[in-house]
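Colleague: Please find one structure pasted underneath; my questions will follow.
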Amino acid sequence: MHEPTLRFDWRLDEIEALFALPFNDLLFQAQQVHRQHFDANQVQVSTLLSIKTGACPEDCKYCPQSGHYATGLGKEKLLEIEAVVTQAEAAREAGASRFCMGAAWRSPRERDLPAVLEMVRRVKALGLETCMTLGMLAPEQADRLAEAGLDYYNHNLDTSPEYYGEIITTRTYADRLETLGNVRQAGMKVCSGGILGMGEAPRDRAALLQQLANLEPHPESVPINQLVKVPGTPLEYAEDLDPIDFIRAIAVARILMPQSHVRLSAGREEMDESTQALAFLAGANSIFYGDKLLTTANPQAQSDQALFAKLGIVPERREIEGDDGALHAVASRQPDTAAGEVLYYDASLA
Ligand code: SAM
Ligand code: DTB
Ligand code: SF4
């Protein structure tokens with residue numbers, strides 16, 4: 001099959017037309033696109049750690065960590081570097097290939113950056129891919145994170161430009177796009193997506209995906225979160241999103257951004273196995289693995305292992321440049337293979 005040309009000029013009506021397809025036709029198209037670019041039975045596995053929890057000055061209505069809402073979360077200090085390394089080792093042992101560190105900041109403070117940069121270096125030295133989400137970044141901060149070896153920076157657009165003001169008032173959509181530009185300019189990979197189920201209209205879901213798909217290049221990683229309704233947040237009583245609408249959004253994201261990893265992110269704890277299986281069929285090929293997201297629950301590792309086994313899914317291998325300059329598949333564990341080749345077989349997930 002010939003390589004389809006990537007597009008960065010999607011119109012809203014085209015995206016809405018994809019959403020309006022009969023469900024089976026949409027999933028068939030998404031699965032076809034998926035198979036042109038990925039092994040359909042491999043899912044990338046990331047683990048999250050909150051390195052600084054609570055008392056965030058921003059007012060994101062979905063977020064348990066905003067200091068504007070009484071959610072029972074206290075203000076914690078930035079974790080010690082050693083504590084982060086210990087957690088990263090545990091994630092690696094459990095089979096994660098990427099370690100994502102999140103902080104409840106509007107943007108990183110100068111005095112916290114040296115510790116954060118050291119976390120990147122130390123986690124990377126474990127052979128894990130590194131990702132951080134620390135809020136808005138100035139160009140110079142992005143450059144320093146990139147120099148320290150940060151592979152991915154996560155910064156979500158969250159929703160459509162039109163609905164955004166209903167959800168966050170303390171920073172703008174343009175601020176978010178600017179940070180994404182700074183991350184890209186610094187040479188890091190971009191992880192950007194959004195949250196569904198915040199009371200947005202179907203049009204907003206299409207418009208969010210339009211914004212993401214018209215970033216050139218596309219974000220390498222696109223997390224699609226289902227709102228986790230946390231008591232005390234203004235969205236505590238948001239209406240449930242129909243699972244079929246959620247799956248449609250995954251499928252459309254897959255079609256619009258064929259080469260990106262689409263992550264079935266927050267909200268899996270509230271999803272049954274069939275919905276998750278449909279998400280993989282629709283082209284999702286990444287998850288957060290481990291029993292906690294940042295502050296809320298994620299499925300237990302054992303139930304994810306069971307789900308993967310049931311579906312015949314294996315954790316995605318990743319490739320890193322070896323000392324010889326060649327790309328090698330790599331594992332988070334099991335290095336007992338022939339030198340220079342390898343490697344990844346993760347007994348805990350396979
Ligand atoms: N403070 C940084 C920021 O906002 O960029 C980084 C941490 S923040 C918690 C990272 C992302 O988590 C948010 O952009 C949002 O998309 C997601 N998130 C937060 N609370 C959520 C919830 N209750 N349900 C689903 N996703 C959520
Ligand atoms: C993303 O899109 N989802 C993750 C990650 N990026 C940082 C965060 C989900 C947070 C869910 C609520 C919580 O656990 O606090
Ligand atoms: Fe703060 Fe990020 Fe939560 Fe918004 S999403 S309140 S910026 S931690």
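Residue numbers start at 1 in each chain; chains themselves are named A, B, ... in the order of the structure tokens; ligands are numbered from 1 in the order shown.
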Quick one: pick out all strand (DSSP E) residues within range 45-188 of chain A from a backbone DSSP run and write them as a list in words.
Modeller: Val45, Ser46, Thr47, Leu48, Leu49, Ser50, Ile51, Lys52, Arg98, Phe99, Cys100, Met101, Gly102, Ala103, Glu129, Thr130, Cys131, Met132, Thr133, Tyr152, Tyr153 and Asn154 of chain A
Colleague: Can you write out as CSV which residues of chain A fall within 8 Å of ligand 2, alongside each residue's closest atom pair and its distance in Å to one decimal, counting only C-alpha atoms and all ligand atoms and ordering rows by chain and ascending residue number?
Modeller:
residue,atom,partner,partner_atom_place_in_ligand_line,distance
A:Leu48,CA,ligand 2,7 (C),7.0
A:Cys63,CA,ligand 2,12 (C),6.6
A:Pro64,CA,ligand 2,15 (O),5.9
A:Gln65,CA,ligand 2,15 (O),6.6
A:Cys100,CA,ligand 2,7 (C),7.1
A:Met101,CA,ligand 2,7 (C),7.4
A:Gly102,CA,ligand 2,7 (C),5.7
A:Met132,CA,ligand 2,7 (C),7.9
A:Thr133,CA,ligand 2,7 (C),6.1
A:Asn154,CA,ligand 2,6 (N),6.3
A:His155,CA,ligand 2,6 (N),7.4
A:Asn156,CA,ligand 2,2 (O),6.3
A:Ser192,CA,ligand 2,2 (O),7.0
A:Gly193,CA,ligand 2,2 (O),6.1
A:Gly194,CA,ligand 2,2 (O),6.3
A:Ile195,CA,ligand 2,2 (O),7.5
A:Val222,CA,ligand 2,2 (O),7.8
A:Pro223,CA,ligand 2,2 (O),4.8
A:Ile224,CA,ligand 2,2 (O),6.5
A:Asn225,CA,ligand 2,2 (O),5.9
A:Leu227,CA,ligand 2,11 (C),7.8
A:Val228,CA,ligand 2,12 (C),6.3
A:Ser265,CA,ligand 2,3 (N),5.7
A:Ala266,CA,ligand 2,9 (C),5.1
A:Gly267,CA,ligand 2,11 (C),7.7
A:Lys292,CA,ligand 2,14 (O),6.8
A:Leu293,CA,ligand 2,14 (O),4.2
A:Leu294,CA,ligand 2,14 (O),3.6
A:Thr295,CA,ligand 2,14 (O),3.8
A:Thr296,CA,ligand 2,14 (O),3.7
A:Ala297,CA,ligand 2,14 (O),6.6
Colleague: Mind checking which residues fall within 10 Å of Glu178 in chain A, counting only C-alpha atoms, ignoring those fewer than 6 positions away in the same chain, and posting them as a ChimeraX atom specification?
Modeller: /A:136-139,172,184
Colleague: So that I can see what lies close to Ala279 in chain A, please list as a PyMOL selection string the residues with an atom at most 7 Å from it, counting only C-alpha atoms and leaving out residues fewer than 5 positions away in the same chain.
Modeller: chain A and resi 247+250+284
Colleague: Given only C-alpha atoms and all ligand atoms as the basis, pick out the residue of A:Ala125, A:Ala213, A:Leu157, A:Ala115 nearest to ligand 3.
Modeller: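 Among the listed residues, the smallest separation from ligand 3 belongs to A:Leu157.
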Colleague: I need the residue nearest ligand 1 from this list: A:Glu129, A:Asp175, A:Asp151, A:Asp204. Use only C-alpha atoms and all ligand atoms for the distance.
Modeller: A:Asp175
Colleague: Would you list the residues that come within 10 Å of ligand 3? Count only C-alpha atoms and all ligand atoms and give the answer as a ChimeraX atom specification.
Modeller: /A:50,52-69,102-107,133-136,155-156,158,167-168,170-171,294
Colleague: Could you save the residues just selected, with N, CA, C and O atoms, as a short mmCIF file (atom, residue, chain, number, x, y, z; two decimals), in the first residue's frame?
Modeller:
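After the write, part.cif holds the following:
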data_model
loop_
_atom_site.label_atom_id
_atom_site.label_comp_id
_atom_site.auth_asym_id
_atom_site.auth_seq_id
_atom_site.Cartn_x
_atom_site.Cartn_y
_atom_site.Cartn_z
N SER A 50 3.47 11.79 39.72
CA SER A 50 3.33 13.20 40.08
C SER A 50 4.54 13.59 40.92
O SER A 50 4.72 13.11 42.03
N LYS A 52 5.22 16.72 41.72
CA LYS A 52 4.84 17.86 42.58
C LYS A 52 3.33 17.95 42.53
O LYS A 52 2.74 18.22 41.48
N THR A 53 2.73 17.70 43.66
CA THR A 53 1.27 17.53 43.70
C THR A 53 0.56 18.70 44.40
O THR A 53 1.01 19.17 45.44
N GLY A 54 -0.56 19.12 43.81
CA GLY A 54 -1.51 20.00 44.49
C GLY A 54 -1.20 21.48 44.51
O GLY A 54 -0.11 21.92 44.14
N ALA A 55 -2.22 22.25 44.90
CA ALA A 55 -2.12 23.71 45.09
C ALA A 55 -1.67 24.45 43.84
O ALA A 55 -0.95 25.45 43.91
N CYS A 56 -2.13 23.97 42.69
CA CYS A 56 -1.76 24.66 41.44
C CYS A 56 -2.53 25.97 41.33
O CYS A 56 -3.72 26.04 41.63
N PRO A 57 -1.87 27.04 40.88
CA PRO A 57 -2.56 28.33 40.77
C PRO A 57 -3.58 28.41 39.63
O PRO A 57 -4.41 29.32 39.60
N GLU A 58 -3.54 27.45 38.71
CA GLU A 58 -4.47 27.50 37.56
C GLU A 58 -5.86 27.01 37.98
O GLU A 58 -5.99 26.30 38.98
N ASP A 59 -6.87 27.36 37.18
CA ASP A 59 -8.23 27.02 37.60
C ASP A 59 -8.93 26.00 36.69
O ASP A 59 -10.16 26.01 36.57
N CYS A 60 -8.15 25.11 36.07
CA CYS A 60 -8.71 24.08 35.17
C CYS A 60 -9.83 23.33 35.89
O CYS A 60 -9.58 22.67 36.91
N LYS A 61 -11.04 23.41 35.35
CA LYS A 61 -12.22 22.93 36.09
C LYS A 61 -12.26 21.42 36.28
O LYS A 61 -13.03 20.92 37.08
N TYR A 62 -11.46 20.71 35.51
CA TYR A 62 -11.45 19.25 35.62
C TYR A 62 -10.44 18.76 36.67
O TYR A 62 -10.43 17.60 37.03
N CYS A 63 -9.60 19.65 37.16
CA CYS A 63 -8.37 19.16 37.79
C CYS A 63 -8.41 19.11 39.32
O CYS A 63 -8.61 20.13 39.99
N PRO A 64 -8.15 17.92 39.86
CA PRO A 64 -8.11 17.78 41.32
C PRO A 64 -6.95 18.54 41.96
O PRO A 64 -6.96 18.77 43.17
N GLN A 65 -5.99 18.95 41.16
CA GLN A 65 -4.79 19.59 41.72
C GLN A 65 -4.87 21.11 41.73
O GLN A 65 -3.96 21.78 42.22
N SER A 66 -5.95 21.66 41.17
CA SER A 66 -6.09 23.11 41.19
C SER A 66 -6.32 23.59 42.63
O SER A 66 -7.16 23.04 43.34
N GLY A 67 -5.59 24.61 43.02
CA GLY A 67 -5.77 25.18 44.36
C GLY A 67 -7.09 25.91 44.51
O GLY A 67 -7.47 26.31 45.62
N HIS A 68 -7.84 26.08 43.42
CA HIS A 68 -9.12 26.79 43.48
C HIS A 68 -10.25 25.92 44.02
O HIS A 68 -11.31 26.43 44.34
N TYR A 69 -10.04 24.60 44.06
CA TYR A 69 -11.13 23.71 44.46
C TYR A 69 -10.72 22.84 45.65
O TYR A 69 -9.56 22.45 45.76
N GLY A 102 4.91 14.52 36.12
CA GLY A 102 4.00 15.66 36.03
C GLY A 102 4.09 16.54 37.27
O GLY A 102 4.25 16.05 38.38
N ALA A 103 3.98 17.85 37.06
CA ALA A 103 4.01 18.78 38.20
C ALA A 103 2.82 19.74 38.12
O ALA A 103 2.49 20.24 37.04
N ALA A 104 2.21 20.01 39.26
CA ALA A 104 1.06 20.92 39.32
C ALA A 104 1.56 22.36 39.36
O ALA A 104 1.44 23.05 40.38
N TRP A 105 2.13 22.78 38.28
CA TRP A 105 2.67 24.14 38.14
C TRP A 105 2.00 24.86 36.98
O TRP A 105 1.61 24.23 36.00
N ARG A 106 1.94 26.18 37.09
CA ARG A 106 1.56 26.99 35.92
C ARG A 106 2.71 26.95 34.92
O ARG A 106 2.52 26.82 33.73
N SER A 107 3.93 27.03 35.46
CA SER A 107 5.16 26.86 34.68
C SER A 107 6.28 26.60 35.69
O SER A 107 6.13 26.95 36.87
N THR A 133 5.58 16.96 32.14
CA THR A 133 4.50 17.91 31.93
C THR A 133 4.51 18.84 33.14
O THR A 133 4.21 18.45 34.26
N LEU A 134 4.97 20.07 32.89
CA LEU A 134 5.27 21.01 33.98
C LEU A 134 4.53 22.33 33.80
O LEU A 134 4.83 23.30 34.48
N GLY A 135 3.61 22.37 32.84
CA GLY A 135 2.92 23.63 32.55
C GLY A 135 3.59 24.37 31.39
O GLY A 135 4.27 23.76 30.57
N MET A 136 3.37 25.68 31.37
CA MET A 136 3.89 26.48 30.25
C MET A 136 5.41 26.55 30.30
O MET A 136 5.99 26.62 31.38
N HIS A 155 1.81 18.68 26.88
CA HIS A 155 1.07 19.90 27.16
C HIS A 155 -0.21 19.79 26.33
O HIS A 155 -0.17 19.81 25.11
N ASN A 156 -1.33 19.65 26.99
CA ASN A 156 -2.58 19.37 26.28
C ASN A 156 -3.31 20.64 25.86
O ASN A 156 -3.29 21.64 26.58
N ASP A 158 -6.47 20.33 25.54
CA ASP A 158 -7.63 20.00 26.38
C ASP A 158 -8.97 19.97 25.66
O ASP A 158 -9.73 19.03 25.80
N ILE A 167 -13.64 26.23 30.58
CA ILE A 167 -12.91 25.24 31.39
C ILE A 167 -11.74 25.87 32.14
O ILE A 167 -11.43 25.48 33.27
N ILE A 168 -11.07 26.82 31.50
CA ILE A 168 -9.88 27.43 32.11
C ILE A 168 -9.91 28.93 31.82
O ILE A 168 -10.13 29.33 30.68
N THR A 170 -7.35 30.97 33.51
CA THR A 170 -6.08 31.56 33.96
C THR A 170 -4.96 31.50 32.92
O THR A 170 -3.86 31.97 33.17
N ARG A 171 -5.20 30.85 31.83
CA ARG A 171 -4.27 30.95 30.70
C ARG A 171 -5.04 30.65 29.42
O ARG A 171 -6.09 30.01 29.46
N LEU A 294 -1.91 10.58 37.96
CA LEU A 294 -1.15 11.52 38.79
C LEU A 294 -1.65 11.47 40.22
O LEU A 294 -0.91 11.19 41.16
#
Colleague: Determine, counting only C-alpha atoms, which protein, DNA and RNA residues have an atom within 12 Å of an atom of Arg111 in chain A; residues of the same chain fewer than 6 positions away are not included. Present the result as a PyMOL selection string.
Modeller: chain A and resi 78+117+141
Colleague: Any chance you can output those residues with N, CA and C atoms as a JSON list (two decimals), in the first residue's frame?
Modeller:
[["chain", "number", "residue", "atom", "x", "y", "z"],
["A", 78, "LEU", "N", 8.19, 19.51, 45.74],
["A", 78, "LEU", "CA", 8.81, 18.74, 44.67],
["A", 78, "LEU", "C", 9.49, 17.50, 45.28],
["A", 117, "LEU", "N", 15.95, 18.96, 35.89],
["A", 117, "LEU", "CA", 16.88, 18.54, 34.84],
["A", 117, "LEU", "C", 17.64, 17.29, 35.28],
["A", 141, "GLN", "N", 13.61, 27.60, 28.75],
["A", 141, "GLN", "CA", 13.36, 26.43, 29.60],
["A", 141, "GLN", "C", 13.23, 25.16, 28.76]]
Colleague: For the contact check between range 124-238 of chain A and range 17-28 of chain A, emit one row per residue of range 124-238 of chain A within 10 Å, containing the shortest atom pair and the distance in Å rounded to one decimal, counting only C-alpha atoms, chain then rising number order, as CSV.
Modeller:
residue,atom,partner,partner_atom,distance
A:Pro202,CA,A:Phe19,CA,8.7
A:Arg203,CA,A:Phe19,CA,9.6
A:Arg205,CA,A:Phe19,CA,9.5
A:Ala206,CA,A:Phe19,CA,7.8
Colleague: Could you pull out the residues in range 86-184 of chain A that DSSP calls helix (DSSP H, G or I) from the backbone, as a PyMOL selection string?
Modeller: chain A and resi 86-94+110-125+139-148+161-167+173-184
Colleague: Quick one: distance from CA of Gln302 in chain A to CA of Thr275 in chain A in Å, one decimal?
Modeller: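 Separation between CA of Gln302 in chain A and CA of Thr275 in chain A: 18.0 Å.
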Colleague: Counting only C-alpha atoms, what is within 12 Å of range 80-83 of chain A, bar same-chain residues fewer than 5 positions away, as a JSON list (two decimals) with all heavy atoms, in the first residue's frame?
Modeller:
[["chain", "number", "residue", "atom", "x", "y", "z"],
["A", 49, "LEU", "N", 4.14, 9.65, 37.05],
["A", 49, "LEU", "CA", 4.42, 9.96, 38.46],
["A", 49, "LEU", "C", 4.20, 11.46, 38.67],
["A", 49, "LEU", "O", 4.71, 12.28, 37.90],
["A", 49, "LEU", "CB", 5.88, 9.60, 38.81],
["A", 49, "LEU", "CG", 6.31, 10.01, 40.23],
["A", 49, "LEU", "CD1", 5.59, 9.18, 41.29],
["A", 49, "LEU", "CD2", 7.82, 9.88, 40.41],
["A", 50, "SER", "N", 3.47, 11.79, 39.72],
["A", 50, "SER", "CA", 3.33, 13.20, 40.08],
["A", 50, "SER", "C", 4.54, 13.59, 40.92],
["A", 50, "SER", "O", 4.72, 13.11, 42.03],
["A", 50, "SER", "CB", 2.03, 13.41, 40.89],
["A", 50, "SER", "OG", 1.93, 14.78, 41.21],
["A", 51, "ILE", "N", 5.39, 14.45, 40.35],
["A", 51, "ILE", "CA", 6.60, 14.84, 41.09],
["A", 51, "ILE", "C", 6.35, 16.06, 41.96],
["A", 51, "ILE", "O", 7.16, 16.40, 42.81],
["A", 51, "ILE", "CB", 7.81, 15.10, 40.14],
["A", 51, "ILE", "CG1", 7.50, 16.21, 39.12],
["A", 51, "ILE", "CG2", 8.23, 13.81, 39.44],
["A", 51, "ILE", "CD1", 8.72, 16.67, 38.33],
["A", 52, "LYS", "N", 5.22, 16.72, 41.72],
["A", 52, "LYS", "CA", 4.84, 17.86, 42.58],
["A", 52, "LYS", "C", 3.33, 17.95, 42.53],
["A", 52, "LYS", "O", 2.74, 18.22, 41.48],
["A", 52, "LYS", "CB", 5.51, 19.15, 42.07],
["A", 52, "LYS", "CG", 5.48, 20.28, 43.06],
["A", 52, "LYS", "CD", 4.25, 21.12, 42.83],
["A", 52, "LYS", "CE", 3.87, 21.88, 44.08],
["A", 52, "LYS", "NZ", 2.48, 22.38, 43.98],
["A", 88, "ALA", "N", 10.97, 5.34, 39.12],
["A", 88, "ALA", "CA", 11.24, 5.05, 37.69],
["A", 88, "ALA", "C", 11.78, 3.64, 37.53],
["A", 88, "ALA", "O", 11.40, 2.91, 36.61],
["A", 88, "ALA", "CB", 12.22, 6.08, 37.12],
["A", 89, "GLU", "N", 12.65, 3.22, 38.47],
["A", 89, "GLU", "CA", 13.18, 1.86, 38.41],
["A", 89, "GLU", "C", 12.04, 0.84, 38.54],
["A", 89, "GLU", "O", 11.99, -0.15, 37.82],
["A", 89, "GLU", "CB", 14.20, 1.62, 39.54],
["A", 89, "GLU", "CG", 15.56, 2.20, 39.20],
["A", 89, "GLU", "CD", 16.51, 2.24, 40.41],
["A", 89, "GLU", "OE1", 16.03, 2.13, 41.57],
["A", 89, "GLU", "OE2", 17.70, 2.40, 40.19],
["A", 90, "ALA", "N", 11.13, 1.14, 39.46],
["A", 90, "ALA", "CA", 10.01, 0.22, 39.67],
["A", 90, "ALA", "C", 9.15, 0.16, 38.41],
["A", 90, "ALA", "O", 8.69, -0.93, 38.01],
["A", 90, "ALA", "CB", 9.17, 0.69, 40.87],
["A", 101, "MET", "N", 6.70, 12.39, 34.04],
["A", 101, "MET", "CA", 6.71, 13.09, 35.33],
["A", 101, "MET", "C", 5.87, 14.37, 35.21],
["A", 101, "MET", "O", 6.11, 15.19, 34.32],
["A", 101, "MET", "CB", 8.16, 13.42, 35.71],
["A", 101, "MET", "CG", 8.98, 12.16, 35.97],
["A", 101, "MET", "SD", 10.77, 12.41, 35.84],
["A", 101, "MET", "CE", 11.05, 12.00, 34.11],
["A", 112, "ASP", "N", 13.50, 25.55, 40.71],
["A", 112, "ASP", "CA", 13.22, 24.11, 40.67],
["A", 112, "ASP", "C", 13.86, 23.42, 39.47],
["A", 112, "ASP", "O", 13.95, 22.19, 39.42],
["A", 112, "ASP", "CB", 11.70, 23.87, 40.61],
["A", 112, "ASP", "CG", 11.03, 24.19, 41.94],
["A", 112, "ASP", "OD1", 11.64, 23.89, 42.99],
["A", 112, "ASP", "OD2", 9.92, 24.76, 41.93],
["A", 113, "LEU", "N", 14.27, 24.21, 38.50],
["A", 113, "LEU", "CA", 14.75, 23.59, 37.24],
["A", 113, "LEU", "C", 15.97, 22.67, 37.41],
["A", 113, "LEU", "O", 16.00, 21.59, 36.82],
["A", 113, "LEU", "CB", 15.05, 24.66, 36.20],
["A", 113, "LEU", "CG", 14.00, 24.85, 35.10],
["A", 113, "LEU", "CD1", 14.55, 25.68, 33.96],
["A", 113, "LEU", "CD2", 13.46, 23.53, 34.55],
["A", 114, "PRO", "N", 16.99, 23.06, 38.19],
["A", 114, "PRO", "CA", 18.14, 22.16, 38.29],
["A", 114, "PRO", "C", 17.75, 20.75, 38.75],
["A", 114, "PRO", "O", 18.23, 19.76, 38.19],
["A", 114, "PRO", "CB", 19.04, 22.86, 39.33],
["A", 114, "PRO", "CG", 18.69, 24.31, 39.19],
["A", 114, "PRO", "CD", 17.22, 24.34, 38.89],
["A", 115, "ALA", "N", 16.86, 20.65, 39.73],
["A", 115, "ALA", "CA", 16.44, 19.32, 40.21],
["A", 115, "ALA", "C", 15.67, 18.58, 39.11],
["A", 115, "ALA", "O", 15.85, 17.37, 38.90],
["A", 115, "ALA", "CB", 15.58, 19.47, 41.46],
["A", 116, "VAL", "N", 14.82, 19.32, 38.42],
["A", 116, "VAL", "CA", 14.02, 18.71, 37.36],
["A", 116, "VAL", "C", 14.94, 18.18, 36.24],
["A", 116, "VAL", "O", 14.76, 17.07, 35.72],
["A", 116, "VAL", "CB", 13.01, 19.76, 36.82],
["A", 116, "VAL", "CG1", 12.43, 19.33, 35.48],
["A", 116, "VAL", "CG2", 11.89, 19.98, 37.84],
["A", 117, "LEU", "N", 15.95, 18.96, 35.89],
["A", 117, "LEU", "CA", 16.88, 18.54, 34.84],
["A", 117, "LEU", "C", 17.64, 17.29, 35.28],
["A", 117, "LEU", "O", 17.87, 16.37, 34.48],
["A", 117, "LEU", "CB", 17.87, 19.67, 34.51],
["A", 117, "LEU", "CG", 17.23, 20.95, 33.95],
["A", 117, "LEU", "CD1", 18.30, 22.04, 33.77],
["A", 117, "LEU", "CD2", 16.53, 20.69, 32.62],
["A", 118, "GLU", "N", 18.00, 17.24, 36.55],
["A", 118, "GLU", "CA", 18.70, 16.06, 37.06],
["A", 118, "GLU", "C", 17.79, 14.83, 37.03],
["A", 118, "GLU", "O", 18.24, 13.72, 36.75],
["A", 118, "GLU", "CB", 19.22, 16.35, 38.48],
["A", 118, "GLU", "CG", 20.09, 15.27, 39.09],
["A", 118, "GLU", "CD", 21.37, 14.94, 38.29],
["A", 118, "GLU", "OE1", 21.74, 15.70, 37.38],
["A", 118, "GLU", "OE2", 21.97, 13.89, 38.60],
["A", 119, "MET", "N", 16.51, 15.03, 37.30],
["A", 119, "MET", "CA", 15.56, 13.90, 37.21],
["A", 119, "MET", "C", 15.55, 13.35, 35.79],
["A", 119, "MET", "O", 15.55, 12.13, 35.58],
["A", 119, "MET", "CB", 14.14, 14.36, 37.59],
["A", 119, "MET", "CG", 13.96, 14.63, 39.07],
["A", 119, "MET", "SD", 12.32, 15.36, 39.39],
["A", 119, "MET", "CE", 12.54, 15.92, 41.08],
["A", 120, "VAL", "N", 15.54, 14.24, 34.81],
["A", 120, "VAL", "CA", 15.55, 13.79, 33.41],
["A", 120, "VAL", "C", 16.79, 12.95, 33.15],
["A", 120, "VAL", "O", 16.71, 11.83, 32.62],
["A", 120, "VAL", "CB", 15.53, 14.99, 32.43],
["A", 120, "VAL", "CG1", 15.71, 14.53, 30.98],
["A", 120, "VAL", "CG2", 14.25, 15.80, 32.59],
["A", 121, "ARG", "N", 17.93, 13.46, 33.55],
["A", 121, "ARG", "CA", 19.19, 12.75, 33.28],
["A", 121, "ARG", "C", 19.21, 11.38, 33.95],
["A", 121, "ARG", "O", 19.60, 10.38, 33.36],
["A", 121, "ARG", "CB", 20.39, 13.59, 33.73],
["A", 121, "ARG", "CG", 20.62, 14.83, 32.84],
["A", 121, "ARG", "CD", 21.90, 15.55, 33.19],
["A", 121, "ARG", "NE", 21.75, 16.40, 34.36],
["A", 121, "ARG", "CZ", 21.52, 17.72, 34.32],
["A", 121, "ARG", "NH1", 21.46, 18.35, 33.16],
["A", 121, "ARG", "NH2", 21.39, 18.42, 35.43],
["A", 122, "ARG", "N", 18.77, 11.34, 35.22],
["A", 122, "ARG", "CA", 18.84, 10.10, 35.98],
["A", 122, "ARG", "C", 17.83, 9.06, 35.44],
["A", 122, "ARG", "O", 18.15, 7.87, 35.37],
["A", 122, "ARG", "CB", 18.56, 10.37, 37.46],
["A", 122, "ARG", "CG", 19.64, 11.23, 38.15],
["A", 122, "ARG", "CD", 20.89, 10.42, 38.51],
["A", 122, "ARG", "NE", 20.60, 9.27, 39.35],
["A", 122, "ARG", "CZ", 20.46, 9.30, 40.68],
["A", 122, "ARG", "NH1", 20.57, 10.45, 41.34],
["A", 122, "ARG", "NH2", 20.21, 8.20, 41.36],
["A", 123, "VAL", "N", 16.64, 9.50, 35.08],
["A", 123, "VAL", "CA", 15.64, 8.55, 34.59],
["A", 123, "VAL", "C", 16.06, 8.03, 33.22],
["A", 123, "VAL", "O", 15.94, 6.84, 32.91],
["A", 123, "VAL", "CB", 14.23, 9.21, 34.53],
["A", 123, "VAL", "CG1", 13.24, 8.29, 33.83],
["A", 123, "VAL", "CG2", 13.75, 9.54, 35.94]]
Colleague: For a quick check of understanding, using only C-alpha atoms and all ligand atoms, which of A:Arg263, A:Lys229, A:Arg268, A:Arg254 has the smallest distance to ligand 1?
Modeller: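 Ranked by minimum distance to ligand 1, first place goes to A:Lys229.
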Colleague: Could you name the residues that touch Gln210 in chain A at 10 Å or less, counting only C-alpha atoms, but leaving out those on the same chain fewer than 3 positions away, as an mmCIF file with C-alpha atoms, in the first residue's frame?
Modeller:
data_model
loop_
_atom_site.group_PDB
_atom_site.id
_atom_site.type_symbol
_atom_site.label_atom_id
_atom_site.label_comp_id
_atom_site.auth_asym_id
_atom_site.auth_seq_id
_atom_site.Cartn_x
_atom_site.Cartn_y
_atom_site.Cartn_z
ATOM 1 C CA PHE A 8 -2.131 19.497 8.113
ATOM 2 C CA ASP A 9 -5.057 21.350 6.537
ATOM 3 C CA TRP A 10 -8.072 19.486 7.835
ATOM 4 C CA ARG A 11 -11.342 21.419 7.638
ATOM 5 C CA LEU A 12 -13.889 21.109 10.418
ATOM 6 C CA ASP A 13 -16.605 19.837 8.077
ATOM 7 C CA GLU A 14 -14.330 17.023 6.867
ATOM 8 C CA ILE A 15 -13.665 15.965 10.449
ATOM 9 C CA GLU A 16 -17.337 16.145 11.361
ATOM 10 C CA SER A 160 -11.702 23.235 21.322
ATOM 11 C CA ASP A 204 -15.866 20.768 20.124
ATOM 12 C CA ARG A 205 -14.432 17.272 19.920
ATOM 13 C CA ALA A 206 -14.002 17.687 16.170
ATOM 14 C CA ALA A 207 -12.465 21.141 16.657
ATOM 15 C CA ALA A 213 -4.089 17.506 13.388
ATOM 16 C CA ASN A 214 -3.191 20.862 11.886
ATOM 17 C CA LEU A 215 -0.042 21.174 13.976
ATOM 18 C CA VAL A 252 -10.923 10.035 14.058
ATOM 19 C CA ALA A 253 -7.669 10.932 15.835
ATOM 20 C CA LEU A 256 -6.137 12.419 11.095
#
Colleague: Nearest to Arg35 in chain A among A:Gly181, A:Gly149, A:Pro234, A:Pro258, with distances taken over only C-alpha atoms: which residue is it?
Modeller: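 Using only C-alpha atoms, Arg35 in chain A sits closest to A:Pro258.
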